[in-house]
$ cat entry_1.tsv   # TSV, C-alpha atoms
chain	number	residue	atom	x	y	z
C	1	MET	CA	30.72	-37.06	17.85
C	2	SER	CA	28.54	-37.67	14.80
C	3	ILE	CA	25.49	-39.74	15.60
C	4	GLY	CA	24.74	-39.87	11.87
C	5	ALA	CA	27.50	-42.47	11.57
C	6	ALA	CA	25.73	-44.94	13.89
C	7	THR	CA	25.71	-48.48	12.57
C	8	ARG	CA	22.30	-49.72	13.69
C	9	GLN	CA	19.67	-48.47	11.31
C	10	SER	CA	16.03	-47.62	11.81
C	11	ARG	CA	13.88	-49.98	13.81
C	12	ARG	CA	10.88	-48.84	11.85
C	13	PHE	CA	10.71	-48.05	8.14
C	14	PRO	CA	7.90	-46.27	6.27
C	15	PRO	CA	5.61	-48.31	4.02
C	16	ALA	CA	6.57	-48.67	0.38
C	17	LYS	CA	3.41	-46.80	-0.71
C	18	ALA	CA	4.47	-43.72	1.27
C	19	ILE	CA	7.95	-43.80	-0.25
C	20	ALA	CA	6.55	-44.13	-3.76
C	21	THR	CA	4.18	-41.21	-3.21
C	22	LEU	CA	6.94	-38.87	-2.05
C	23	VAL	CA	9.32	-39.90	-4.83
C	24	LEU	CA	6.57	-39.27	-7.40
C	25	ALA	CA	5.84	-35.88	-5.86
C	26	SER	CA	9.50	-34.87	-6.06
C	27	LEU	CA	9.64	-35.88	-9.74
C	28	LEU	CA	6.41	-34.06	-10.62
C	29	TRP	CA	7.71	-30.87	-9.01
C	30	GLY	CA	10.76	-30.59	-11.20
C	31	GLY	CA	13.05	-33.56	-10.76
C	32	PRO	CA	15.04	-35.16	-7.99
C	33	GLY	CA	16.69	-33.03	-5.37
C	34	GLU	CA	20.14	-33.36	-3.87
C	35	ALA	CA	19.27	-36.77	-2.47
C	36	GLN	CA	19.37	-38.20	-5.98
C	37	GLN	CA	22.65	-36.56	-7.06
C	38	GLY	CA	26.27	-37.51	-6.73
C	39	GLY	CA	26.36	-40.99	-8.26
C	40	VAL	CA	25.58	-44.44	-6.93
C	41	GLN	CA	26.48	-45.25	-3.31
C	42	GLU	CA	27.04	-48.63	-1.74
C	43	PRO	CA	24.32	-49.77	0.71
C	44	GLY	CA	25.01	-48.43	4.18
C	45	GLU	CA	27.47	-45.81	2.95
C	46	ARG	CA	26.63	-42.34	4.28
C	47	THR	CA	27.90	-39.06	2.90
C	48	HIS	CA	27.75	-35.95	5.07
C	49	GLN	CA	26.28	-32.94	3.33
C	50	PRO	CA	26.82	-29.32	4.46
C	51	MET	CA	24.96	-28.79	7.72
C	52	ARG	CA	21.71	-26.86	7.56
C	53	PRO	CA	20.09	-24.77	10.31
C	54	THR	CA	17.87	-26.98	12.48
C	55	GLU	CA	15.78	-25.88	15.46
C	56	LEU	CA	13.96	-27.91	18.12
C	57	ALA	CA	10.95	-27.00	20.23
C	58	PRO	CA	11.14	-27.98	23.02
C	59	ARG	CA	14.85	-28.70	23.58
C	60	PHE	CA	14.34	-31.27	26.35
C	61	GLY	CA	11.71	-33.58	27.83
C	62	PRO	CA	10.96	-37.22	28.71
C	63	PRO	CA	10.18	-40.04	26.27
C	64	GLY	CA	6.80	-39.37	24.68
C	65	THR	CA	7.50	-35.63	24.27
C	66	ALA	CA	6.24	-34.15	20.99
C	67	VAL	CA	9.11	-32.22	19.39
C	68	THR	CA	8.78	-29.89	16.41
C	69	VAL	CA	11.83	-30.02	14.14
C	70	THR	CA	12.34	-27.05	11.81
C	71	ALA	CA	15.04	-27.07	9.14
C	72	GLY	CA	16.01	-24.95	6.14
C	73	LEU	CA	18.35	-24.80	3.14
C	74	LEU	CA	17.47	-28.39	2.24
C	75	PRO	CA	16.94	-29.65	-1.33
C	76	ALA	CA	13.57	-28.41	-2.58
C	77	ILE	CA	10.60	-30.80	-2.84
C	78	THR	CA	12.67	-33.82	-1.84
C	79	PRO	CA	11.79	-36.84	0.35
C	80	VAL	CA	13.55	-36.66	3.72
C	81	GLN	CA	13.78	-39.23	6.50
C	82	LEU	CA	13.60	-37.70	9.97
C	83	ALA	CA	15.24	-39.88	12.62
C	84	ILE	CA	16.48	-39.65	16.19
C	85	GLY	CA	19.91	-40.99	17.11
C	86	ALA	CA	21.59	-41.75	20.41
C	87	THR	CA	25.07	-42.73	21.50
C	88	ARG	CA	25.45	-46.49	21.86
C	89	SER	CA	21.92	-47.00	20.48
C	90	GLY	CA	22.01	-46.23	16.74
C	91	PHE	CA	19.01	-44.40	15.31
C	92	GLU	CA	15.30	-44.83	14.63
C	93	GLY	CA	13.37	-43.42	11.70
C	94	LEU	CA	10.44	-41.35	12.95
C	95	ALA	CA	8.88	-39.75	9.86
C	96	LEU	CA	9.13	-39.67	6.08
C	97	THR	CA	8.28	-36.23	4.81
C	98	LEU	CA	8.76	-33.88	1.87
C	99	THR	CA	10.53	-30.51	1.85
C	100	ASP	CA	8.65	-27.52	0.46
C	101	PRO	CA	9.56	-25.55	-2.71
C	102	ASN	CA	11.91	-23.38	-0.60
C	103	GLY	CA	13.78	-26.34	0.87
C	104	ALA	CA	12.18	-25.94	4.32
C	105	LEU	CA	10.79	-28.61	6.60
C	106	VAL	CA	8.60	-28.48	9.71
C	107	GLU	CA	7.68	-31.82	11.27
C	108	THR	CA	6.47	-32.86	14.72
C	109	VAL	CA	7.56	-36.27	16.01
C	110	THR	CA	7.51	-38.10	19.33
C	111	VAL	CA	10.60	-39.03	21.36
C	112	PRO	CA	10.63	-42.86	21.53
C	113	GLN	CA	10.31	-44.74	24.79
C	114	TRP	CA	13.79	-46.28	24.51
C	115	ALA	CA	15.49	-42.87	24.79
C	116	ARG	CA	17.56	-42.57	27.98
C	117	ARG	CA	18.46	-39.59	30.15
C	118	ASP	CA	22.15	-40.56	30.34
C	119	GLN	CA	22.70	-40.62	26.56
C	120	ILE	CA	23.21	-37.94	23.92
C	121	HIS	CA	20.39	-37.62	21.37
C	122	ARG	CA	20.11	-35.65	18.15
C	123	PHE	CA	17.50	-35.47	15.43
C	124	ILE	CA	18.96	-36.39	12.05
C	125	LEU	CA	17.72	-35.60	8.55
C	126	PHE	CA	18.65	-38.30	6.02
C	127	ASN	CA	17.93	-38.69	2.36
C	128	LEU	CA	15.28	-41.19	1.30
C	129	TYR	CA	17.59	-44.20	1.51
C	130	PHE	CA	19.45	-43.31	4.74
C	131	THR	CA	22.68	-42.98	2.71
C	132	ALA	CA	23.30	-39.24	3.14
C	133	VAL	CA	22.92	-36.94	6.14
C	134	TYR	CA	21.44	-33.53	5.35
C	135	ALA	CA	21.54	-32.13	8.87
C	136	GLU	CA	21.94	-32.98	12.55
C	137	SER	CA	20.16	-30.96	15.19
C	138	ARG	CA	21.60	-29.61	18.39
C	139	ILE	CA	21.32	-31.97	21.34
C	140	PHE	CA	17.88	-32.97	22.52
C	141	HIS	CA	18.14	-33.65	26.25
C	142	VAL	CA	16.05	-36.63	27.28
C	143	THR	CA	14.91	-36.28	30.90
C	144	ASP	CA	12.85	-38.44	33.21
C	145	ALA	CA	9.31	-37.41	34.14
C	146	ASP	CA	10.71	-34.98	36.75
C	147	GLY	CA	13.06	-33.21	34.33
C	148	LYS	CA	16.23	-34.93	35.58
C	149	VAL	CA	19.18	-35.84	33.37
C	150	VAL	CA	22.59	-37.47	33.88
C	151	ARG	CA	25.56	-35.73	32.29
C	152	GLU	CA	29.28	-36.52	32.25
C	153	GLY	CA	31.97	-33.97	31.45
C	154	GLU	CA	34.53	-31.55	32.88
C	155	VAL	CA	34.02	-28.80	35.42
C	156	GLY	CA	34.49	-25.46	33.69
C	157	SER	CA	36.65	-22.56	34.78
C	158	SER	CA	34.14	-19.78	35.48
C	159	GLY	CA	35.10	-19.66	39.15
C	160	PRO	CA	33.34	-20.67	42.36
C	161	ALA	CA	30.62	-18.05	41.94
C	162	CYS	CA	29.44	-19.53	38.66
C	163	PRO	CA	30.62	-23.11	38.02
C	164	THR	CA	29.93	-24.73	34.68
C	165	LEU	CA	29.98	-28.20	33.16
C	166	VAL	CA	31.37	-28.89	29.69
C	167	GLY	CA	29.62	-32.10	28.64
C	168	ASP	CA	31.22	-34.79	26.53
C	169	ASP	CA	28.69	-33.74	23.90
C	170	GLY	CA	30.27	-30.26	23.76
C	171	GLU	CA	27.25	-28.59	25.38
C	172	ARG	CA	27.98	-26.11	28.19
C	173	TYR	CA	25.75	-25.91	31.26
C	174	ARG	CA	25.53	-23.61	34.25
C	175	LEU	CA	25.80	-25.64	37.46
C	176	THR	CA	23.72	-24.62	40.44
C	177	GLY	CA	23.63	-26.33	43.80
C	178	ALA	CA	26.36	-28.36	45.48
C	179	ALA	CA	29.29	-27.84	43.10
C	180	ALA	CA	31.66	-26.50	45.77
C	181	GLY	CA	35.09	-28.12	45.96
C	182	ARG	CA	35.17	-29.27	42.35
C	183	GLU	CA	38.26	-28.13	40.47
C	184	PRO	CA	38.27	-26.88	36.86
C	185	GLY	CA	39.12	-29.76	34.55
C	186	GLU	CA	37.88	-32.42	36.98
C	187	ARG	CA	35.77	-35.06	35.27
C	188	VAL	CA	32.45	-35.59	36.97
C	189	VAL	CA	29.09	-37.31	36.53
C	190	VAL	CA	26.15	-35.09	37.47
C	191	GLU	CA	22.55	-36.05	38.12
C	192	ALA	CA	20.58	-32.84	37.93
C	193	THR	CA	17.33	-31.14	37.05
C	194	LEU	CA	17.61	-29.44	33.66
C	195	SER	CA	16.03	-26.05	32.98
C	196	GLU	CA	16.38	-23.02	30.77
C	197	SER	CA	19.00	-20.69	32.22
C	198	GLY	CA	18.08	-17.13	33.07
C	199	GLU	CA	21.70	-16.22	33.80
C	200	GLY	CA	24.59	-16.68	31.44
C	201	CYS	CA	27.52	-16.70	33.88
C	202	GLY	CA	29.18	-14.32	31.45
C	203	GLU	CA	29.19	-17.07	28.81
C	204	ASP	CA	25.64	-16.82	27.49
C	205	LEU	CA	24.80	-20.31	28.73
C	206	SER	CA	21.22	-21.25	27.92
C	207	LEU	CA	20.80	-24.39	30.07
C	208	SER	CA	21.20	-24.90	33.82
C	209	LEU	CA	21.71	-28.06	35.85
C	210	GLU	CA	20.42	-27.98	39.43
C	211	ILE	CA	22.64	-30.61	41.04
C	212	ILE	CA	21.04	-33.58	42.80
C	213	SER	CA	24.26	-35.57	43.06
C	214	ILE	CA	27.78	-35.16	41.70
C	215	ARG	CA	30.71	-37.56	41.75
C	216	ARG	CA	34.09	-37.99	40.10
C	217	SER	CA	33.99	-39.89	36.84
C	218	GLY	CA	34.80	-43.56	37.49
C	219	GLU	CA	33.64	-43.53	41.09
C	220	THR	CA	31.18	-46.22	42.10
C	221	ARG	CA	27.76	-44.87	42.94
C	222	HIS	CA	26.65	-45.72	46.46
$ encode --input "entry_1.tsv" --output "structure tokens"
Amino acid sequence: MSIGAATRQSRRFPPAKAIATLVLASLLWGGPGEAQQGGVQEPGERTHQPMRPTELAPRFGPPGTAVTVTAGLLPAITPVQLAIGATRSGFEGLALTLTDPNGALVETVTVPQWARRDQIHRFILFNLYFTAVYAESRIFHVTDADGKVVREGEVGSSGPACPTLVGDDGERYRLTGAAAGREPGERVVVEATLSESGEGCGEDLSLSLEIISIRRSGETRH
């Protein structure tokens, strides 16, 4: 799923003075970058550009968490809108910044309070006018204050000794705790504590879910 295609745009836009300053800077440093190329686009039309490497630190946390987004191979000295997007919630612009002469970007932003632990979130890099997507990050897992998330997906096939969950977001997790009796391919909803995984289950999984509760998808929670 591409969150960059969400229909509800930013709840908060940068002031016109900030936009003008960054546009002027990009022109003074040698002309417009990729954000200005490719012809005129209709308002609201978004064009996906080749994906660039994007890293997050940390990879999960509750609303209010400060997250450092690092990206490369972007257009040099070009205004970039950094936003966060969520399924069923659109996206919110968090920062307007400028790439360096090497096309790199390092920016620290705060996860907004509306972010929910049962939704999929990614950080998105747009051009100045939110009409082109430069990059989408890997998933940022929003937790509650105790590090708990809710994830829906299919039980993996690593066997009873090392069960896994393949989330609807494509992320793979190592399941620990009460996963016994769940068959590979069964769709489940898991409430669990998220942590970095020290064991890969033979699949180099980097995140673990310590199960609090697990139920079949579609079952009513009691």
$ atom_distance --input "entry_1.tsv" --atom1 "atom CA of Arg88 of chain C" --atom2 "atom CA of Arg116 of chain C"
10.7 Å
$ atom_distance --input "entry_1.tsv" --atom1 "atom CA of Thr68 of chain C" --atom2 "atom CA of Val166 of chain C"
26.2 Å
$ atom_distance --input "entry_1.tsv" --atom1 "atom CA of Gly85 of chain C" --atom2 "atom CA of Phe123 of chain C"
6.3 Å
$ residues_around --input "entry_1.tsv" --residues "segment 60-63 of chain C" --least-positions-apart "3" --cutoff "7 Å" --atoms "all atoms listed in the file" --output "PyMOL selection string"
chain C and resi 111-113+115+140-145+147
$ closest_residue --input "entry_1.tsv" --among "C:Arg182, C:Thr99, C:Asp168, C:Ala135" --to "Thr87 of chain C" --atoms "only C-alpha atoms"
C:Asp168
$ closest_residue --input "entry_1.tsv" --among "C:Ala83, C:Pro58, C:Ile212, C:Glu183" --to "Tyr134 of chain C" --atoms "only C-alpha atoms"
C:Ala83
$ residues_around --input "entry_1.tsv" --residues "Val149 of chain C" --least-positions-apart "5" --cutoff "6 Å" --atoms "only C-alpha atoms" --output "PyMOL selection string"
chain C and resi 117+143+191-192
$ residues_near_point --input "entry_1.tsv" --point "(21.1, -25.5, 42.6)" --cutoff "10 Å" --atoms "only C-alpha atoms" --output "ChimeraX atom specification"
/C:174-179,192-193,208-212
$ write_last_selection --input "entry_1.tsv" --atoms "C-alpha atoms" --output "PDB file, keeping the file's coordinate frame"
ATOM      1  CA  ARG C 174      25.530 -23.610  34.250  1.00  0.00           C
ATOM      2  CA  LEU C 175      25.800 -25.640  37.460  1.00  0.00           C
ATOM      3  CA  THR C 176      23.720 -24.620  40.440  1.00  0.00           C
ATOM      4  CA  GLY C 177      23.630 -26.330  43.800  1.00  0.00           C
ATOM      5  CA  ALA C 178      26.360 -28.360  45.480  1.00  0.00           C
ATOM      6  CA  ALA C 179      29.290 -27.840  43.100  1.00  0.00           C
ATOM      7  CA  ALA C 192      20.580 -32.840  37.930  1.00  0.00           C
ATOM      8  CA  THR C 193      17.330 -31.140  37.050  1.00  0.00           C
ATOM      9  CA  SER C 208      21.200 -24.900  33.820  1.00  0.00           C
ATOM     10  CA  LEU C 209      21.710 -28.060  35.850  1.00  0.00           C
ATOM     11  CA  GLU C 210      20.420 -27.980  39.430  1.00  0.00           C
ATOM     12  CA  ILE C 211      22.640 -30.610  41.040  1.00  0.00           C
ATOM     13  CA  ILE C 212      21.040 -33.580  42.800  1.00  0.00           C
TER      14      ILE C 212
END
$ residues_around --input "entry_1.tsv" --residues "Gly170 of chain C" --least-positions-apart "6" --cutoff "12 Å" --atoms "all atoms listed in the file" --output "list in words"
Met1, Ser2, Ile120, Arg138, Ile139, Arg151, Glu152, Gly153, Glu154 and Gly156 of chain C
$ write_last_selection --input "entry_1.tsv" --atoms "C-alpha atoms" --output "JSON list (two decimals), in the coordinates of the input"
[["chain", "number", "residue", "atom", "x", "y", "z"],
["C", 1, "MET", "CA", 30.72, -37.06, 17.85],
["C", 2, "SER", "CA", 28.54, -37.67, 14.80],
["C", 120, "ILE", "CA", 23.21, -37.94, 23.92],
["C", 138, "ARG", "CA", 21.60, -29.61, 18.39],
["C", 139, "ILE", "CA", 21.32, -31.97, 21.34],
["C", 151, "ARG", "CA", 25.56, -35.73, 32.29],
["C", 152, "GLU", "CA", 29.28, -36.52, 32.25],
["C", 153, "GLY", "CA", 31.97, -33.97, 31.45],
["C", 154, "GLU", "CA", 34.53, -31.55, 32.88],
["C", 156, "GLY", "CA", 34.49, -25.46, 33.69]]
$ axis_aligned_box --input "entry_1.tsv" --around "segment 109-119 of chain C" --padding-each-side "8 Å" --output "JSON"
{"center_x": 15.1, "center_y": -41.3, "center_z": 23.2, "size_x": 31.2, "size_y": 26.0, "size_z": 30.3}
